[in-house]
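Listing of target30.txt, compact mmCIF, C-alpha atoms
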# COMPACT_ATOMS: atom_id res chain seq x y z
CA MET D 1 -44.60 -60.97 14.92
CA CYS D 2 -48.20 -60.58 13.97
CA PRO D 3 -49.06 -60.25 10.29
CA TYR D 4 -50.24 -56.64 10.74
CA LEU D 5 -46.97 -55.46 12.31
CA ALA D 6 -45.00 -57.32 9.65
CA ARG D 7 -46.91 -55.51 6.91
CA VAL D 8 -46.29 -52.16 8.63
CA ALA D 9 -42.56 -52.91 8.90
CA ASP D 10 -42.39 -53.94 5.24
CA THR D 11 -44.21 -50.75 4.25
CA GLN D 12 -41.77 -48.60 6.27
CA ASN D 13 -38.75 -50.39 4.78
CA SER D 14 -40.18 -49.98 1.30
CA THR D 15 -40.81 -46.29 1.95
CA ARG D 16 -37.24 -45.78 3.18
CA ARG D 17 -35.85 -47.62 0.14
CA SER D 18 -38.01 -45.53 -2.19
CA SER D 19 -36.89 -42.32 -0.45
CA ALA D 20 -33.22 -43.35 -0.67
CA ASP D 21 -33.66 -44.28 -4.34
CA TRP D 22 -35.30 -40.89 -4.98
CA TRP D 23 -32.45 -38.96 -3.36
CA ILE D 24 -29.82 -40.96 -5.24
CA SER D 25 -31.66 -40.38 -8.49
CA LEU D 26 -31.92 -36.66 -7.72
CA ILE D 27 -28.22 -36.34 -6.90
CA PHE D 28 -27.11 -38.06 -10.10
CA SER D 29 -29.59 -36.14 -12.24
CA ILE D 30 -28.18 -32.71 -11.29
CA PRO D 31 -25.64 -31.39 -13.88
CA TRP D 32 -22.90 -30.72 -11.32
CA LEU D 33 -20.35 -29.43 -13.83
CA GLU D 34 -22.75 -26.76 -15.03
CA VAL D 35 -23.64 -25.85 -11.44
CA ILE D 36 -19.98 -25.49 -10.47
CA ALA D 37 -19.27 -23.42 -13.59
CA GLU D 38 -22.13 -21.03 -12.88
CA LEU D 39 -21.08 -20.75 -9.23
CA TYR D 40 -17.54 -19.90 -10.33
CA LYS D 41 -18.84 -17.17 -12.67
CA LEU D 42 -20.94 -15.70 -9.86
CA ILE D 43 -18.04 -15.67 -7.41
CA ARG D 44 -15.77 -14.11 -10.04
CA LYS D 45 -18.27 -11.33 -10.76
CA LEU D 46 -18.64 -10.61 -7.05
CA TRP D 47 -14.87 -10.53 -6.62
CA GLN D 48 -14.41 -8.20 -9.57
CA GLY D 49 -17.12 -5.95 -8.18
CA MET D 50 -15.31 -5.71 -4.86
CA ALA D 51 -11.90 -5.14 -6.47
CA ASP D 52 -10.60 -1.64 -7.10
CA GLU D 53 -11.63 -0.80 -10.65
CA GLY D 54 -9.29 2.18 -10.93
CA MET D 55 -9.91 5.75 -12.05
CA TYR D 56 -10.61 4.89 -15.68
CA GLU D 57 -10.69 2.14 -18.28
CA VAL D 58 -8.87 2.30 -21.61
CA LEU D 59 -11.20 1.91 -24.56
CA GLU D 60 -8.44 2.16 -27.17
CA HIS D 61 -4.67 2.20 -26.79
CA GLU D 62 -2.51 2.82 -29.85
CA SER D 63 1.24 3.49 -29.68
CA ILE D 64 4.05 3.94 -32.21
CA LEU D 65 7.78 3.70 -31.51
CA GLU D 66 9.88 4.94 -34.45
CA LEU D 67 13.63 4.38 -34.63
CA LEU D 68 14.97 7.40 -36.51
CA ASP D 69 18.48 6.19 -37.44
CA ARG D 70 20.13 2.84 -38.10
CA GLN D 71 22.35 3.13 -35.01
CA GLY D 72 19.34 3.36 -32.67
CA LYS D 73 20.54 6.63 -31.16
CA ARG D 74 17.39 8.63 -31.82
CA ALA D 75 13.79 7.51 -31.49
CA ARG D 76 10.33 9.00 -31.16
CA PHE D 77 7.31 7.63 -29.30
CA GLU D 78 3.65 8.53 -29.82
CA LYS D 79 0.62 7.28 -27.93
CA ARG D 80 -3.12 7.72 -28.26
CA GLN D 81 -5.37 6.59 -25.43
CA LYS D 82 -9.14 6.87 -25.40
CA VAL D 83 -10.37 6.48 -21.81
CA ARG D 84 -13.66 6.39 -19.91
CA TYR D 85 -13.64 7.58 -16.30
CA LEU D 86 -14.96 5.17 -13.67
CA GLN D 87 -15.09 7.55 -10.71
CA ASN D 88 -16.27 11.07 -9.98
CA ASN D 89 -14.10 14.13 -9.39
CA ILE D 90 -11.02 12.97 -11.34
CA ILE D 91 -8.63 15.90 -11.84
CA ALA D 92 -5.37 14.17 -12.90
CA TYR D 93 -4.04 11.53 -15.28
CA GLN D 94 -0.84 9.52 -14.74
CA ASP D 95 1.44 8.46 -17.59
CA GLN D 96 4.59 6.34 -17.42
CA GLY D 97 7.59 5.43 -19.54
CA TRP D 98 10.91 3.66 -19.33
CA SER D 99 13.87 2.66 -21.53
CA ASP D 100 17.64 2.61 -21.63
CA GLY D 101 19.36 5.89 -22.35
CA GLN D 102 17.37 9.09 -22.03
CA SER D 103 13.61 9.01 -22.40
CA LEU D 104 10.64 11.36 -22.05
CA LEU D 105 12.60 14.14 -23.75
CA ASP D 106 10.49 17.05 -25.05
CA TYR D 107 7.41 15.47 -23.47
CA GLN D 108 4.11 16.78 -24.86
CA CYS D 109 0.52 15.87 -24.06
CA SER D 110 -3.00 16.92 -24.89
CA PRO D 111 -5.28 17.52 -23.07
CA GLY D 112 -3.80 18.53 -19.74
CA VAL D 113 -0.62 20.08 -18.35
CA VAL D 114 2.38 18.23 -16.88
CA VAL D 115 2.74 19.21 -13.22
CA ASP D 116 5.21 16.62 -11.88
CA GLN D 117 7.63 13.83 -12.84
CA TYR D 118 9.24 11.30 -10.52
CA ARG D 119 11.30 8.14 -10.97
CA PRO D 120 11.20 5.66 -8.06
CA GLY D 121 13.01 2.98 -10.11
CA GLN D 122 13.44 2.31 -13.81
CA LYS D 123 10.06 3.80 -14.60
CA THR D 124 9.39 7.50 -14.86
CA TYR D 125 5.90 8.61 -13.85
CA VAL D 126 4.34 11.77 -15.25
CA LEU D 127 1.45 13.49 -13.48
CA ILE D 128 -0.85 15.43 -15.80
CA SER D 129 -3.34 17.95 -14.47
CA LEU D 130 -6.57 17.77 -16.48
CA ARG D 131 -7.54 21.34 -15.66
CA ASP D 132 -11.07 20.02 -15.33
CA ASN D 133 -13.21 17.91 -13.03
CA LYS D 134 -14.16 14.62 -14.70
CA GLN D 135 -17.19 12.59 -13.67
CA ARG D 136 -17.98 8.90 -14.00
CA GLY D 137 -18.82 8.11 -17.63
CA ASP D 138 -16.92 11.10 -19.08
CA ARG D 139 -14.45 10.33 -21.85
CA ASP D 140 -11.12 11.77 -22.97
CA GLU D 141 -8.67 11.05 -25.76
CA PHE D 142 -5.03 11.64 -24.79
CA LEU D 143 -2.36 12.35 -27.41
CA ILE D 144 1.15 12.01 -25.97
CA ASN D 145 4.61 12.00 -27.55
CA TRP D 146 8.23 12.24 -26.49
CA GLN D 147 11.79 11.71 -27.78
CA LEU D 148 14.38 9.10 -26.77
CA GLN D 149 18.17 9.30 -26.98
CA ASP D 150 20.69 6.40 -27.00
CA ALA D 151 17.93 3.95 -26.09
CA PHE D 152 18.35 1.19 -28.74
CA LEU D 153 22.08 0.74 -29.30
CA ARG D 154 22.26 -3.08 -29.05
CA SER D 155 21.68 -5.67 -31.75
CA GLN D 156 18.86 -7.12 -29.62
CA GLU D 157 16.35 -4.67 -28.17
CA GLN D 158 12.81 -4.55 -26.87
CA TRP D 159 9.88 -2.24 -26.18
CA GLU D 160 7.41 -2.95 -23.39
CA THR D 161 3.76 -2.04 -22.98
CA GLU D 162 2.32 -2.54 -19.50
CA VAL D 163 -1.45 -2.88 -19.09
CA SER D 164 -1.95 -0.90 -15.88
CA HIS D 165 -5.69 -0.32 -16.41
CA ARG D 166 -8.50 -2.46 -17.73
CA THR D 167 -8.12 -2.19 -21.51
CA ARG D 168 -10.39 -3.17 -24.37
CA GLN D 169 -8.12 -2.76 -27.41
CA LEU D 170 -4.33 -2.61 -27.60
CA LEU D 171 -2.29 -1.81 -30.72
CA VAL D 172 1.52 -1.41 -30.83
CA ARG D 173 3.60 -0.43 -33.87
CA LEU D 174 7.37 -0.35 -34.31
CA ILE D 175 8.88 1.53 -37.26
CA PHE D 176 12.45 0.83 -38.41
CA PRO D 177 14.74 2.75 -40.80
CA LYS D 178 14.60 1.57 -44.40
CA THR D 179 18.30 0.63 -44.30
CA ARG D 180 18.00 -1.55 -41.17
CA PRO D 181 14.89 -3.70 -40.92
CA PRO D 182 14.50 -6.24 -38.10
CA VAL D 183 15.85 -9.72 -38.77
CA ARG D 184 13.58 -11.41 -36.25
CA ILE D 185 10.86 -10.25 -33.89
CA TRP D 186 8.94 -11.98 -31.13
CA LEU D 187 6.41 -11.24 -28.39
CA SER D 188 6.95 -11.98 -24.69
CA GLU D 189 4.27 -12.03 -22.00
CA TYR D 190 5.86 -11.88 -18.56
CA LEU D 191 3.00 -12.98 -16.33
CA ARG D 192 2.22 -15.98 -18.52
CA ARG D 193 5.93 -16.64 -19.04
CA ARG D 194 5.62 -17.36 -22.71
CA THR D 195 7.27 -16.12 -25.89
CA ARG D 196 6.32 -16.58 -29.52
CA LEU D 197 7.78 -15.49 -32.84
CA LEU D 198 5.78 -13.11 -34.96
CA GLY D 199 5.37 -14.18 -38.57
CA ASP D 200 6.01 -12.27 -41.77
CA SER D 201 2.42 -11.01 -41.75
CA ALA D 202 3.30 -8.74 -38.80
CA MET D 203 5.86 -6.80 -40.90
CA GLN D 204 5.26 -4.59 -43.90
CA ARG D 205 7.25 -2.09 -45.89
CA LEU D 206 5.84 1.43 -45.90
CA PRO D 207 5.65 3.52 -49.10
CA ASP D 208 8.72 5.58 -48.09
CA GLY D 209 10.83 2.43 -47.56
CA ARG D 210 10.66 2.19 -43.77
CA TRP D 211 9.66 -1.09 -42.11
CA GLN D 212 6.70 -1.45 -39.77
CA ILE D 213 5.88 -4.14 -37.22
CA GLU D 214 2.30 -4.23 -35.96
CA TRP D 215 0.81 -6.27 -33.12
CA GLN D 216 -2.64 -5.93 -31.58
CA THR D 217 -4.98 -7.75 -29.24
CA LYS D 218 -8.40 -7.31 -27.66
CA ARG D 219 -8.91 -7.27 -23.88
CA PRO D 220 -5.25 -7.77 -22.95
CA ARG D 221 -4.55 -9.27 -19.57
CA TRP D 222 -4.68 -6.74 -16.74
CA HIS D 223 -1.21 -6.00 -15.24
CA GLU D 224 0.50 -7.95 -18.04
CA ARG D 225 3.73 -6.66 -19.58
CA TYR D 226 3.87 -7.22 -23.33
CA ALA D 227 7.35 -6.87 -24.81
CA LEU D 228 8.09 -6.71 -28.53
CA LYS D 229 11.68 -7.89 -28.92
CA TRP D 230 13.76 -7.76 -32.05
CA GLU D 231 17.14 -8.49 -33.63
CA TRP D 232 18.41 -6.05 -36.21

Full structure transcribed into structure tokens:
Amino acid sequence: MCPYLARVADTQNSTRRSSADWWISLIFSIPWLEVIAELYKLIRKLWQGMADEGMYEVLEHESILELLDRQGKRARFEKRQKVRYLQNNIIAYQDQGWSDGQSLLDYQCSPGVVVDQYRPGQKTYVLISLRDNKQRGDRDEFLINWQLQDAFLRSQEQWETEVSHRTRQLLVRLIFPKTRPPVRIWLSEYLRRRTRLLGDSAMQRLPDGRWQIEWQTKRPRWHERYALKWEW
């Protein structure tokens, strides 16, 4: 081979090696973990945007279950939900409840009027007419209460709260008679399949002698069922 062609071949080989070295250097210089993480966040946002967001989101959920006698025969439930509507032309609100014994006795709500109740299984659904036409961004604060009969007769009982809408803050209180406080109480999360004991800081004695258990969390998992279980 003539010297000129040899020099051309060497130059081409050198150029190819330099190009390959440049690509290898580029590939290894890219922070792939950060790229994958950002791609995952983007895909998740797109997926959430395509998912059904529901009629409303819950800004604050606060509920109180009070056991009115030491036998567990009578109980009272109160709930306050502050919601923000996510769609236009909403005219109804759906509530739900379930327990052993008789529940949803003397059901009362504000605002709205109960127009239907149905029980396809263990749950009872309550349809509340808002008597108004709500638009996206409107807010309401629902105050709901009902009585329960023969619902907590065993030495081990529980009370569930199901997160059926996207929720920002969740607070649950249990109130026990002063003559029968809980011996032990724990929290179960069904989707995550985990249970943990609640410490002494979760229980306090009220000024009138009754005992209160309080548990709260921010941004609870959507569709999760949180159950406060106790021995007494």

With only C-alpha atoms as the counted atoms, please give the residues lying no more than 10 Å from stretch 140-157 of chain D, apart from itself and same-chain residues fewer than 5 positions off, as a PyMOL selection string. chain D and resi 58-68+70-85+93+95+97-112+130+134+182-185+227-232

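In this structure, atom CA of D:Asn133 sits 12.6 Å away from atom CA of D:Met55.
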
Residue with smallest distance to D:Gln87 - pool D:Lys123, D:Ser129, D:Gln117, D:Arg139, counting only C-alpha atoms: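 Of D:Lys123, D:Ser129, D:Gln117, D:Arg139, the one nearest D:Gln87 is D:Arg139, counting only C-alpha atoms.
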
Shell of 7 Å around D:Arg196, only C-alpha atoms, local chain residues under 6 positions omitted, as a list of chain:residue names: D:Trp186, D:Leu187, D:Ser188

Quick one: write out the picked residues with C-alpha atoms as a PDB file, keeping the file's coordinate frame?
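Final output, saved to result13.pdb:
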ATOM      1  CA  TRP D 186       8.940 -11.980 -31.130  1.00  0.00           C
ATOM      2  CA  LEU D 187       6.410 -11.240 -28.390  1.00  0.00           C
ATOM      3  CA  SER D 188       6.950 -11.980 -24.690  1.00  0.00           C
TER       4      SER D 188
END

Nearest to D:Arg194, chosen from D:Glu214, D:Trp159, D:Tyr118, D:Tyr226, with only C-alpha atoms counted in the distances: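 Looking only at the distances to D:Arg194, the closest residue turns out to be D:Tyr226.
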
Where atoms are missing, can you supply N, CA and C atoms for stretch 55-80 of chain D and output the lot as a tab-separated table (two decimals), in the coordinates of the input?
chain	number	residue	atom	x	y	z
D	55	MET	N	-9.30	4.47	-11.72
D	55	MET	CA	-9.91	5.75	-12.05
D	55	MET	C	-10.59	5.73	-13.41
D	56	TYR	N	-10.06	4.92	-14.34
D	56	TYR	CA	-10.61	4.89	-15.68
D	56	TYR	C	-10.29	3.55	-16.34
D	57	GLU	N	-11.01	3.28	-17.42
D	57	GLU	CA	-10.69	2.14	-18.28
D	57	GLU	C	-10.25	2.67	-19.63
D	58	VAL	N	-9.39	1.90	-20.31
D	58	VAL	CA	-8.87	2.30	-21.61
D	58	VAL	C	-9.71	1.63	-22.69
D	59	LEU	N	-10.39	2.44	-23.48
D	59	LEU	CA	-11.20	1.91	-24.56
D	59	LEU	C	-10.34	1.56	-25.78
D	60	GLU	N	-9.37	2.40	-26.07
D	60	GLU	CA	-8.44	2.16	-27.17
D	60	GLU	C	-7.05	2.65	-26.77
D	61	HIS	N	-6.06	1.81	-27.02
D	61	HIS	CA	-4.67	2.20	-26.79
D	61	HIS	C	-3.89	1.92	-28.07
D	62	GLU	N	-3.30	2.95	-28.62
D	62	GLU	CA	-2.51	2.82	-29.85
D	62	GLU	C	-1.19	3.55	-29.65
D	63	SER	N	-0.07	2.87	-29.87
D	63	SER	CA	1.24	3.49	-29.68
D	63	SER	C	2.16	3.17	-30.86
D	64	ILE	N	3.09	4.09	-31.12
D	64	ILE	CA	4.05	3.94	-32.21
D	64	ILE	C	5.44	4.32	-31.68
D	65	LEU	N	6.37	3.40	-31.79
D	65	LEU	CA	7.78	3.70	-31.51
D	65	LEU	C	8.52	3.70	-32.84
D	66	GLU	N	9.14	4.83	-33.18
D	66	GLU	CA	9.88	4.94	-34.45
D	66	GLU	C	11.37	5.14	-34.17
D	67	LEU	N	12.18	4.25	-34.71
D	67	LEU	CA	13.63	4.38	-34.63
D	67	LEU	C	14.08	5.26	-35.81
D	68	LEU	N	14.72	6.37	-35.50
D	68	LEU	CA	14.97	7.40	-36.51
D	68	LEU	C	16.29	7.26	-37.24
D	69	ASP	N	17.21	6.41	-36.74
D	69	ASP	CA	18.48	6.19	-37.44
D	69	ASP	C	18.89	4.73	-37.25
D	70	ARG	N	19.77	4.26	-38.11
D	70	ARG	CA	20.13	2.84	-38.10
D	70	ARG	C	20.98	2.46	-36.91
D	71	GLN	N	21.57	3.43	-36.21
D	71	GLN	CA	22.35	3.13	-35.01
D	71	GLN	C	21.47	3.02	-33.76
D	72	GLY	N	20.23	3.41	-33.82
D	72	GLY	CA	19.34	3.36	-32.67
D	72	GLY	C	19.58	4.46	-31.66
D	73	LYS	N	20.24	5.54	-32.10
D	73	LYS	CA	20.54	6.63	-31.16
D	73	LYS	C	19.34	7.53	-30.92
D	74	ARG	N	18.53	7.73	-31.95
D	74	ARG	CA	17.39	8.63	-31.82
D	74	ARG	C	16.09	7.86	-32.10
D	75	ALA	N	15.08	8.16	-31.31
D	75	ALA	CA	13.79	7.51	-31.49
D	75	ALA	C	12.69	8.47	-31.05
D	76	ARG	N	11.49	8.18	-31.51
D	76	ARG	CA	10.33	9.00	-31.16
D	76	ARG	C	9.18	8.07	-30.79
D	77	PHE	N	8.43	8.44	-29.76
D	77	PHE	CA	7.31	7.63	-29.30
D	77	PHE	C	6.04	8.47	-29.31
D	78	GLU	N	4.96	7.87	-29.81
D	78	GLU	CA	3.65	8.53	-29.82
D	78	GLU	C	2.61	7.57	-29.26
D	79	LYS	N	1.66	8.11	-28.53
D	79	LYS	CA	0.62	7.28	-27.93
D	79	LYS	C	-0.72	8.00	-27.99
D	80	ARG	N	-1.75	7.21	-28.31
D	80	ARG	CA	-3.12	7.72	-28.26
D	80	ARG	C	-3.92	6.78	-27.37
